[in-house]
file query-v2.txt (compact mmCIF, C-alpha atoms (C1' of nucleotides))
# COMPACT_ATOMS: atom_id res chain seq x y z
CA MET A 1 -79.54 -138.08 102.97
CA ASP A 2 -79.44 -134.56 104.34
CA GLU A 3 -80.31 -131.51 102.32
CA ASN A 4 -78.89 -133.05 99.19
CA SER A 5 -82.45 -133.85 98.42
CA LYS A 6 -83.01 -130.23 97.65
CA TYR A 7 -82.65 -131.39 94.06
CA LYS A 8 -85.22 -134.08 94.49
CA GLU A 9 -88.16 -131.98 93.52
CA LEU A 10 -86.33 -130.69 90.48
CA LEU A 11 -85.51 -134.19 89.33
CA ASN A 12 -88.96 -135.57 90.01
CA ARG A 13 -90.44 -132.72 88.03
CA GLU A 14 -88.46 -134.04 85.09
CA GLY A 15 -89.69 -137.54 85.75
CA ILE A 16 -86.36 -138.98 86.82
CA LYS A 17 -85.18 -140.37 90.10
CA SER A 18 -83.21 -138.44 92.65
CA THR A 19 -80.07 -140.37 93.43
CA ARG A 20 -76.86 -139.76 95.32
CA HIS A 21 -74.88 -139.33 92.12
CA ARG A 22 -77.36 -137.10 90.40
CA ASN A 23 -77.58 -134.83 93.38
CA ALA A 24 -73.81 -134.67 93.63
CA ILE A 25 -73.46 -133.83 89.94
CA LEU A 26 -76.08 -131.10 90.14
CA GLU A 27 -74.41 -129.66 93.20
CA LEU A 28 -71.03 -129.69 91.53
CA LEU A 29 -72.36 -128.05 88.40
CA GLU A 30 -73.97 -125.40 90.53
CA GLU A 31 -70.62 -124.60 92.08
CA SER A 32 -68.87 -124.44 88.72
CA GLU A 33 -68.47 -121.03 87.24
CA PHE A 34 -67.72 -122.34 83.75
CA PRO A 35 -68.53 -125.31 81.55
CA GLN A 36 -66.68 -128.46 82.60
CA THR A 37 -65.58 -131.58 80.80
CA ALA A 38 -67.03 -134.88 81.93
CA GLU A 39 -63.63 -135.92 83.15
CA GLN A 40 -63.10 -132.80 85.24
CA LEU A 41 -66.43 -133.48 86.90
CA PHE A 42 -65.59 -137.16 87.31
CA ILE A 43 -62.30 -136.42 89.05
CA THR A 44 -63.84 -133.90 91.40
CA LEU A 45 -66.69 -136.27 92.18
CA ARG A 46 -64.24 -139.03 93.01
CA GLU A 47 -62.47 -136.71 95.41
CA LYS A 48 -65.49 -135.54 97.29
CA THR A 49 -68.14 -138.20 97.00
CA ALA A 50 -66.72 -141.67 97.19
CA SER A 51 -66.91 -143.77 94.05
CA ILE A 52 -68.68 -143.12 90.83
CA ASP A 53 -68.10 -144.54 87.39
CA LEU A 54 -67.18 -142.41 84.42
CA SER A 55 -69.96 -143.96 82.38
CA THR A 56 -72.42 -142.87 85.03
CA VAL A 57 -71.14 -139.33 84.75
CA TYR A 58 -71.65 -139.38 81.00
CA ARG A 59 -75.05 -141.00 81.24
CA THR A 60 -76.20 -138.60 83.90
CA LEU A 61 -75.01 -135.58 82.00
CA ASP A 62 -76.68 -136.78 78.84
CA THR A 63 -79.89 -137.40 80.74
CA PHE A 64 -79.73 -133.91 82.19
CA ALA A 65 -79.02 -132.48 78.77
CA SER A 66 -82.04 -134.25 77.29
CA LYS A 67 -84.15 -132.65 80.03
CA ASN A 68 -82.53 -129.31 79.33
CA LEU A 69 -81.18 -129.15 82.84
CA VAL A 70 -77.68 -128.87 81.50
CA ILE A 71 -76.26 -127.51 78.28
CA LYS A 72 -73.82 -129.66 76.38
CA SER A 73 -71.41 -128.07 73.98
CA ASN A 74 -68.07 -128.81 72.41
CA ARG A 75 -64.86 -127.02 73.15
CA VAL A 76 -63.70 -125.17 70.06
CA ASP A 77 -60.09 -126.17 70.07
CA ASP A 78 -60.23 -129.88 70.82
CA GLY A 79 -63.89 -130.76 70.42
CA LYS A 80 -64.23 -132.19 73.93
CA ALA A 81 -67.72 -132.12 75.36
CA LEU A 82 -68.45 -129.42 77.92
CA TYR A 83 -71.34 -129.38 80.36
CA GLU A 84 -72.85 -126.53 82.31
CA LEU A 85 -76.02 -125.96 84.23
CA ASN A 86 -78.81 -124.41 82.20
CA HIS A 87 -79.68 -121.29 84.09
CA ASN A 88 -82.02 -120.28 81.30
CA GLU A 89 -80.22 -117.03 81.29
CA HIS A 90 -78.55 -116.33 78.06
CA LYS A 91 -74.96 -115.29 78.26
CA HIS A 92 -71.65 -115.59 76.51
CA HIS A 93 -68.07 -115.47 77.56
CA ILE A 94 -65.24 -113.54 76.08
CA LEU A 95 -61.76 -114.90 76.38
CA CYS A 96 -58.72 -112.74 76.83
CA VAL A 97 -56.00 -114.32 74.73
CA GLY A 98 -53.42 -112.49 76.78
CA CYS A 99 -54.20 -113.81 80.27
CA HIS A 100 -56.77 -116.53 79.43
CA LYS A 101 -59.30 -114.92 81.71
CA LEU A 102 -62.96 -115.57 80.89
CA ILE A 103 -65.39 -112.71 81.21
CA SER A 104 -69.15 -113.12 81.12
CA ILE A 105 -71.25 -110.77 79.06
CA GLU A 106 -74.99 -110.49 78.84
CA ASP A 107 -75.01 -108.98 75.40
CA CYS A 108 -76.18 -111.33 72.70
CA PRO A 109 -76.32 -110.15 69.12
CA ILE A 110 -78.32 -113.07 67.76
CA GLY A 111 -81.81 -111.77 68.36
CA GLU A 112 -82.17 -109.71 65.22
CA LEU A 113 -80.32 -112.23 63.12
CA LYS A 114 -82.83 -114.85 64.18
CA GLN A 115 -85.70 -112.96 62.67
CA THR A 116 -83.70 -112.03 59.61
CA LEU A 117 -82.92 -115.65 58.85
CA LYS A 118 -86.46 -116.73 59.46
CA ASN A 119 -87.70 -114.25 56.91
CA LYS A 120 -84.92 -114.71 54.41
CA ILE A 121 -84.51 -118.47 54.23
CA ASP A 122 -87.12 -119.92 56.56
CA PHE A 123 -84.58 -121.25 59.01
CA ASP A 124 -85.54 -121.75 62.65
CA ILE A 125 -82.65 -121.09 64.96
CA THR A 126 -82.79 -123.31 68.02
CA GLY A 127 -79.43 -122.43 69.46
CA HIS A 128 -76.06 -120.93 68.87
CA LYS A 129 -72.60 -120.73 70.21
CA LEU A 130 -70.58 -117.57 70.23
CA GLU A 131 -66.98 -117.34 71.24
CA ILE A 132 -65.19 -114.08 71.30
CA TYR A 133 -61.49 -113.51 71.68
CA GLY A 134 -59.46 -110.43 72.29
CA TYR A 135 -57.54 -108.43 74.84
CA CYS A 136 -58.85 -107.29 78.16
CA HIS A 137 -58.09 -103.94 79.67
CA ASP A 138 -55.04 -105.22 81.51
CA CYS A 139 -53.50 -107.19 78.68
CA LYS A 140 -53.92 -104.88 75.74
CA LYS A 141 -51.00 -102.77 76.82
CA TYR A 142 -48.66 -105.74 76.46
CA LYS A 143 -49.74 -106.34 72.90
CA LEU A 144 -49.11 -110.06 73.01
CA PRO A 145 -49.51 -111.77 69.66
CA PRO A 146 -52.95 -113.31 69.22
CA GLY A 147 -53.32 -117.01 68.55
CA ASN A 148 -54.96 -118.38 65.45
CA HIS A 149 -58.23 -116.77 66.28
CA ASP A 150 -58.15 -114.30 63.43
CA ASN A 151 -60.96 -113.23 61.13
CA LEU A 152 -62.98 -110.14 61.64
CA MET Z 1 -48.45 -133.98 36.35
CA ASP Z 2 -50.60 -131.58 34.34
CA GLU Z 3 -51.91 -128.34 35.67
CA ASN Z 4 -52.34 -129.80 39.11
CA SER Z 5 -49.10 -128.08 39.82
CA LYS Z 6 -50.96 -124.83 39.92
CA TYR Z 7 -50.76 -125.31 43.66
CA LYS Z 8 -47.05 -125.86 43.58
CA GLU Z 9 -46.09 -122.26 44.02
CA LEU Z 10 -48.53 -121.87 46.86
CA LEU Z 11 -47.11 -124.87 48.67
CA ASN Z 12 -43.49 -123.94 48.04
CA ARG Z 13 -44.19 -120.49 49.41
CA GLU Z 14 -45.14 -122.21 52.64
CA GLY Z 15 -41.99 -124.26 52.55
CA ILE Z 16 -43.64 -127.61 51.92
CA LYS Z 17 -43.51 -129.98 48.99
CA SER Z 18 -46.08 -130.16 46.27
CA THR Z 19 -47.33 -133.71 46.04
CA ARG Z 20 -50.09 -135.54 44.25
CA HIS Z 21 -52.12 -135.86 47.44
CA ARG Z 22 -51.65 -132.31 48.57
CA ASN Z 23 -52.67 -130.97 45.20
CA ALA Z 24 -55.69 -133.21 45.16
CA ILE Z 25 -56.75 -132.11 48.64
CA LEU Z 26 -56.35 -128.45 47.80
CA GLU Z 27 -58.32 -128.92 44.63
CA LEU Z 28 -61.07 -130.74 46.46
CA LEU Z 29 -61.26 -128.10 49.15
CA GLU Z 30 -61.47 -125.46 46.48
CA GLU Z 31 -64.46 -127.22 44.96
CA SER Z 32 -66.13 -127.64 48.34
CA GLU Z 33 -68.70 -125.07 49.17
CA PHE Z 34 -68.69 -125.94 52.86
CA PRO Z 35 -66.39 -127.21 55.55
CA GLN Z 36 -65.85 -130.94 55.21
CA THR Z 37 -64.95 -133.68 57.63
CA ALA Z 38 -61.70 -135.52 57.05
CA GLU Z 39 -63.65 -138.62 56.24
CA GLN Z 40 -65.84 -136.93 53.65
CA LEU Z 41 -62.69 -135.68 51.96
CA PHE Z 42 -61.09 -139.09 52.27
CA ILE Z 43 -63.99 -140.84 50.61
CA THR Z 44 -64.16 -138.38 47.75
CA LEU Z 45 -60.42 -138.59 47.25
CA ARG Z 46 -60.58 -142.35 47.08
CA GLU Z 47 -63.24 -142.09 44.41
CA LYS Z 48 -61.45 -139.67 42.18
CA THR Z 49 -57.76 -140.02 42.79
CA ALA Z 50 -56.75 -143.60 43.32
CA SER Z 51 -55.52 -144.52 46.77
CA ILE Z 52 -54.77 -142.36 49.73
CA ASP Z 53 -54.59 -143.21 53.39
CA LEU Z 54 -56.83 -141.60 55.96
CA SER Z 55 -53.83 -140.71 58.09
CA THR Z 56 -52.37 -138.84 55.15
CA VAL Z 57 -55.57 -136.86 54.87
CA TYR Z 58 -55.40 -135.92 58.53
CA ARG Z 59 -51.72 -135.12 58.40
CA THR Z 60 -52.09 -133.03 55.28
CA LEU Z 61 -55.03 -131.10 56.67
CA ASP Z 62 -53.19 -130.42 59.90
CA THR Z 63 -50.16 -129.25 57.96
CA PHE Z 64 -52.33 -126.93 55.92
CA ALA Z 65 -54.01 -125.66 59.07
CA SER Z 66 -50.67 -124.89 60.67
CA LYS Z 67 -49.79 -122.85 57.58
CA ASN Z 68 -53.17 -121.12 57.75
CA LEU Z 69 -54.09 -122.47 54.34
CA VAL Z 70 -57.11 -124.19 55.80
CA ILE Z 71 -59.31 -123.43 58.79
CA LYS Z 72 -60.03 -126.25 61.17
CA SER Z 73 -63.09 -126.11 63.35
CA ASN Z 74 -65.41 -128.45 65.16
CA ARG Z 75 -68.97 -129.26 64.28
CA VAL Z 76 -71.26 -128.00 67.02
CA ASP Z 77 -73.40 -131.04 67.55
CA ASP Z 78 -70.95 -133.90 67.43
CA GLY Z 79 -67.60 -132.20 67.74
CA LYS Z 80 -66.20 -133.72 64.56
CA ALA Z 81 -63.39 -131.75 62.94
CA LEU Z 82 -64.26 -129.71 59.88
CA TYR Z 83 -61.83 -128.32 57.34
CA GLU Z 84 -62.27 -125.55 54.82
CA LEU Z 85 -60.01 -123.46 52.67
CA ASN Z 86 -59.00 -120.19 54.27
CA HIS Z 87 -60.32 -117.57 51.91
CA ASN Z 88 -59.64 -114.81 54.41
CA GLU Z 89 -63.18 -113.70 53.94
CA HIS Z 90 -65.45 -113.39 56.89
CA LYS Z 91 -68.56 -115.49 56.94
CA HIS Z 92 -70.58 -117.80 59.13
CA HIS Z 93 -72.54 -120.96 58.59
CA ILE Z 94 -75.72 -122.18 60.08
CA LEU Z 95 -76.15 -125.89 60.63
CA CYS Z 96 -79.41 -127.75 60.26
CA VAL Z 97 -79.40 -130.30 63.04
CA GLY Z 98 -81.98 -132.32 61.13
CA CYS Z 99 -80.08 -133.05 57.92
CA HIS Z 100 -76.61 -131.69 58.73
CA LYS Z 101 -76.79 -129.28 55.85
CA LEU Z 102 -74.65 -126.16 56.18
CA ILE Z 103 -75.88 -122.84 54.92
CA SER Z 104 -73.66 -119.81 54.48
CA ILE Z 105 -74.74 -116.43 55.71
CA GLU Z 106 -73.02 -113.13 55.23
CA ASP Z 107 -74.64 -111.55 58.22
CA CYS Z 108 -72.31 -111.05 61.10
CA PRO Z 109 -73.76 -109.51 64.20
CA ILE Z 110 -70.49 -108.85 65.98
CA GLY Z 111 -69.84 -105.38 64.69
CA GLU Z 112 -71.97 -103.45 67.13
CA LEU Z 113 -71.06 -105.70 70.02
CA LYS Z 114 -67.44 -104.89 69.37
CA GLN Z 115 -67.99 -101.23 70.04
CA THR Z 116 -70.28 -101.90 72.97
CA LEU Z 117 -67.69 -103.99 74.74
CA LYS Z 118 -64.97 -101.51 74.01
CA ASN Z 119 -66.96 -98.78 75.68
CA LYS Z 120 -68.33 -100.85 78.54
CA ILE Z 121 -65.35 -102.83 79.74
CA ASP Z 122 -62.47 -101.72 77.57
CA PHE Z 123 -62.13 -105.06 75.82
CA ASP Z 124 -60.64 -105.24 72.34
CA ILE Z 125 -62.14 -108.02 70.25
CA THR Z 126 -59.62 -109.55 67.86
CA GLY Z 127 -61.66 -112.50 66.66
CA HIS Z 128 -64.70 -114.61 67.21
CA LYS Z 129 -66.41 -117.76 66.27
CA LEU Z 130 -70.14 -118.03 65.79
CA GLU Z 131 -72.02 -121.23 65.31
CA ILE Z 132 -75.72 -121.24 64.75
CA TYR Z 133 -77.93 -124.26 64.53
CA GLY Z 134 -81.56 -125.08 64.09
CA TYR Z 135 -83.96 -126.50 61.54
CA CYS Z 136 -83.95 -125.66 57.87
CA HIS Z 137 -87.06 -125.24 55.75
CA ASP Z 138 -87.15 -128.89 54.74
CA CYS Z 139 -86.51 -130.39 58.13
CA LYS Z 140 -88.78 -128.35 60.32
CA LYS Z 141 -91.86 -130.05 59.01
CA TYR Z 142 -90.57 -133.48 59.98
CA LYS Z 143 -89.68 -132.25 63.44
CA LEU Z 144 -86.88 -134.75 63.57
CA PRO Z 145 -84.92 -134.83 66.78
CA PRO Z 146 -81.36 -133.60 66.41
CA GLY Z 147 -79.17 -136.33 65.04
CA ASN Z 148 -77.32 -137.64 62.07
CA HIS Z 149 -79.97 -137.67 59.43
CA ASP Z 150 -77.46 -136.80 56.75
CA ASN Z 151 -78.86 -136.57 53.26
CA LEU Z 152 -82.41 -136.72 54.37
C1' DA T 1 -91.63 -154.19 103.72
C1' DT T 2 -91.80 -155.62 98.81
C1' DG T 3 -91.41 -155.57 93.86
C1' DC T 4 -90.17 -153.57 89.77
C1' DA T 5 -88.42 -150.21 86.73
C1' DA T 6 -84.75 -147.13 86.68
C1' DA T 7 -80.00 -146.27 87.80
C1' DT T 8 -75.33 -147.87 88.33
C1' DG T 9 -70.76 -150.41 87.94
C1' DC T 10 -67.93 -152.92 85.24
C1' DA T 11 -65.84 -154.34 81.20
C1' DA T 12 -65.85 -154.46 76.47
C1' DG T 13 -66.54 -151.97 72.38
C1' DG T 14 -66.72 -148.12 68.83
C1' DC T 15 -65.16 -144.24 66.48
C1' DA T 16 -62.31 -140.14 65.42
C1' DG T 17 -57.96 -139.07 65.23
C1' DT T 18 -52.72 -140.03 66.15
C1' DT T 19 -48.22 -142.23 65.96
C1' DG T 20 -44.13 -145.28 64.92
C1' DC T 21 -41.79 -147.12 61.47
C1' DA T 22 -40.61 -148.89 56.97
C1' DT T 23 -41.06 -147.48 52.20
C1' DT T 24 -41.64 -144.16 48.53
C1' DT T 25 -41.20 -139.70 46.39
C1' DG T 26 -40.18 -134.77 45.33
C1' DG T 27 -36.79 -131.65 44.41
C1' DC T 28 -32.15 -130.13 44.67
C1' DG T 29 -27.26 -130.35 43.60
C1' DA T 30 -23.79 -132.60 40.96
C1' DT J 1 -30.18 -136.50 33.78
C1' DC J 2 -28.89 -139.05 37.88
C1' DG J 3 -28.59 -139.91 42.58
C1' DC J 4 -29.30 -138.52 47.15
C1' DC J 5 -31.81 -137.33 51.29
C1' DA J 6 -35.24 -135.16 53.86
C1' DA J 7 -39.99 -134.99 53.55
C1' DA J 8 -44.19 -137.38 52.56
C1' DT J 9 -46.89 -141.54 52.61
C1' DG J 10 -48.93 -146.21 53.72
C1' DC J 11 -49.86 -149.37 56.99
C1' DA J 12 -51.06 -151.02 61.28
C1' DA J 13 -51.24 -150.44 65.91
C1' DC J 14 -52.61 -147.41 69.29
C1' DT J 15 -54.80 -143.53 72.17
C1' DG J 16 -58.51 -140.96 74.09
C1' DC J 17 -63.22 -139.85 74.45
C1' DC J 18 -67.27 -141.63 74.78
C1' DT J 19 -70.93 -145.50 74.43
C1' DT J 20 -73.11 -149.93 75.23
C1' DG J 21 -74.49 -154.60 77.05
C1' DC J 22 -75.40 -156.84 80.90
C1' DA J 23 -75.60 -158.14 85.71
C1' DT J 24 -76.42 -155.94 90.09
C1' DT J 25 -78.18 -152.38 93.04
C1' DT J 26 -81.30 -148.75 94.40
C1' DG J 27 -85.22 -145.45 94.59
C1' DC J 28 -89.81 -145.18 95.23
C1' DA J 29 -94.77 -146.38 94.60
C1' DT J 30 -97.79 -149.50 96.72
call {"tool": "encode", "arguments": {"input": "query-v2.txt", "output": "structure tokens"}}
result
Amino acid sequence: MDENSKYKELLNREGIKSTRHRNAILELLEESEFPQTAEQLFITLREKTASIDLSTVYRTLDTFASKNLVIKSNRVDDGKALYELNHNEHKHHILCVGCHKLISIEDCPIGELKQTLKNKIDFDITGHKLEIYGYCHDCKKYKLPPGNHDNL
Amino acid sequence: MDENSKYKELLNREGIKSTRHRNAILELLEESEFPQTAEQLFITLREKTASIDLSTVYRTLDTFASKNLVIKSNRVDDGKALYELNHNEHKHHILCVGCHKLISIEDCPIGELKQTLKNKIDFDITGHKLEIYGYCHDCKKYKLPPGNHDNL
DNA sequence: ATGCAAATGCAAGGCAGTTGCATTTGGCGA
DNA sequence: TCGCCAAATGCAACTGCCTTGCATTTGCAT
């Protein structure tokens, strides 16, 4: 049990045990640039760290989500659950529908809306999901047809 | 077959047959203020228009979606598929995670961001999807944890 | 080291959605 | 109006994603 236990303090702070699997999952999530499905994580875990059960992956991720260590969301097109580390930094991705590249942006336009809604209809926003599609610098010149991501 | 066939032209224009079920589903969607799950639609259909099979509901909705007559999306918290008529008007909903109520808002905060991104990284936004969730006026006082407290 | 609650593996189960196939139906042409 | 045929539907079985019950193992406080 080398330096894997660098997550131990983090986990103990949340009142849960530090285990081999939990450390491995945290490590893997830390390496992941984008949200992953449970199965993607499961497969990678099987490859690098001996055996783990899929139900353990789900249970661990849900535990982490309940502690706000990870953020669980659902993929727009097929509804599969996605998990990513909660860096407590707020950011969104924009997807280029030409080359499928994901680009991170720090801009978030929800701030004002939050206050507006609170005043208008007394609604407390606790979270949101924003997905933006379009063409990146490189792809716009090819003018590929967009998918069914219209509106706007 | 009374005036239900008011949808006939619409369906024929898309190259598909006008049937009892399809008319009923279109009518129901037209009456629905918010996106519905397939099962909600199924139950309502069973109540008003004799028998229909759940698979027919799914197949019909998918057909409509492929013709862009309806918009299919996924509920943020549980990933269930939602279907709504495509009115080609731009609007967003906010979801109360306490009671699952959906509230329409006309505000759309993407406008400015669109220009910002164009200037900053030369990205052309062609579409987006925004999902907002939180607690509505009625639910915030109960401080219910997120979950399926439909029809509180 | 020991004991116990928490974590895990395993297998079965649950639920949303899909599919294969036999039957029915809409709509066109005769 | 009739009959035909592809399209639509019902039915039941099935898939995939995820959850749960229970027996076993493991982390960690003492």
call {"tool": "closest_atom_pairs", "arguments": {"input": "query-v2.txt", "of": "region 5-30 of chain T", "to": "region 3-26 of chain J", "cutoff": "8 Å", "atoms": "all atoms listed in the file", "output": "tab-separated table"}}
result
residue	atom	partner	partner_atom	distance
T:DA7	C1'	J:DT26	C1'	7.2
T:DT8	C1'	J:DT25	C1'	7.1
T:DG13	C1'	J:DT20	C1'	7.4
T:DG14	C1'	J:DT19	C1'	7.5
T:DT18	C1'	J:DT15	C1'	7.3
T:DT19	C1'	J:DC14	C1'	7.6
T:DT24	C1'	J:DT9	C1'	7.1
T:DT25	C1'	J:DA8	C1'	7.2
call {"tool": "write_last_selection", "arguments": {"input": "query-v2.txt", "atoms": "C-alpha atoms (C1' of nucleotides)", "output": "compact mmCIF listing (two decimals), keeping the file's coordinate frame"}}
result
# COMPACT_ATOMS: atom_id res chain seq x y z
C1' DA T 7 -80.00 -146.27 87.80
C1' DT T 8 -75.33 -147.87 88.33
C1' DG T 13 -66.54 -151.97 72.38
C1' DG T 14 -66.72 -148.12 68.83
C1' DT T 18 -52.72 -140.03 66.15
C1' DT T 19 -48.22 -142.23 65.96
C1' DT T 24 -41.64 -144.16 48.53
C1' DT T 25 -41.20 -139.70 46.39
call {"tool": "closest_atom_pairs", "arguments": {"input": "query-v2.txt", "of": "chain A", "to": "chain J", "cutoff": "10 Å", "atoms": "all atoms listed in the file", "output": "tab-separated table"}}
result
residue	atom	partner	partner_atom	distance
A:Lys17	CA	J:DG27	C1'	6.8
A:Ser18	CA	J:DG27	C1'	7.5
A:Thr19	CA	J:DG27	C1'	7.3
A:Ala38	CA	J:DC17	C1'	9.8
A:Glu39	CA	J:DC17	C1'	9.6
A:Leu54	CA	J:DC18	C1'	9.7
A:Ser55	CA	J:DT19	C1'	8.2
A:Tyr58	CA	J:DC18	C1'	7.9
A:Arg59	CA	J:DT19	C1'	9.1
A:Gly79	CA	J:DC17	C1'	10.0
A:Lys80	CA	J:DC17	C1'	7.7
A:Ala81	CA	J:DC17	C1'	9.0
call {"tool": "calpha_fit_rmsd", "arguments": {"input": "query-v2.txt", "fixed": "chain A", "moving": "chain Z"}}
result
4.5 Å
call {"tool": "closest_atom_pairs", "arguments": {"input": "query-v2.txt", "of": "chain T", "to": "chain Z", "cutoff": "8 Å", "atoms": "only C-alpha atoms (C1' of nucleotides)", "output": "JSON lines"}}
result
{"residue": "T:DA16", "atom": "C1'", "partner": "Z:Lys80", "partner_atom": "CA", "distance": 7.6}
{"residue": "T:DG17", "atom": "C1'", "partner": "Z:Tyr58", "partner_atom": "CA", "distance": 7.8}
{"residue": "T:DG26", "atom": "C1'", "partner": "Z:Lys17", "partner_atom": "CA", "distance": 6.9}
call {"tool": "interface_residues", "arguments": {"input": "query-v2.txt", "of": "chain Z", "to": "chain A", "cutoff": "8 Å", "atoms": "all atoms listed in the file", "output": "JSON, numbers by chain"}}
result
{"Z": [73, 74, 76, 77, 78, 79, 80, 81, 88, 89, 90, 107, 109, 110, 113, 121, 122, 123, 124, 125, 126, 127, 128, 129, 130, 131, 132, 133, 134, 135, 136, 137, 140]}
call {"tool": "atom_distance", "arguments": {"input": "query-v2.txt", "atom1": "CA of Phe42 (chain A)", "atom2": "CA of Thr63 (chain A)"}}
result
15.7 Å
call {"tool": "atom_distance", "arguments": {"input": "query-v2.txt", "atom1": "CA of Arg13 (chain A)", "atom2": "CA of Lys67 (chain A)"}}
result
10.2 Å
call {"tool": "atom_distance", "arguments": {"input": "query-v2.txt", "atom1": "CA of Gly98 (chain Z)", "atom2": "CA of Asp62 (chain A)"}}
result
19.0 Å
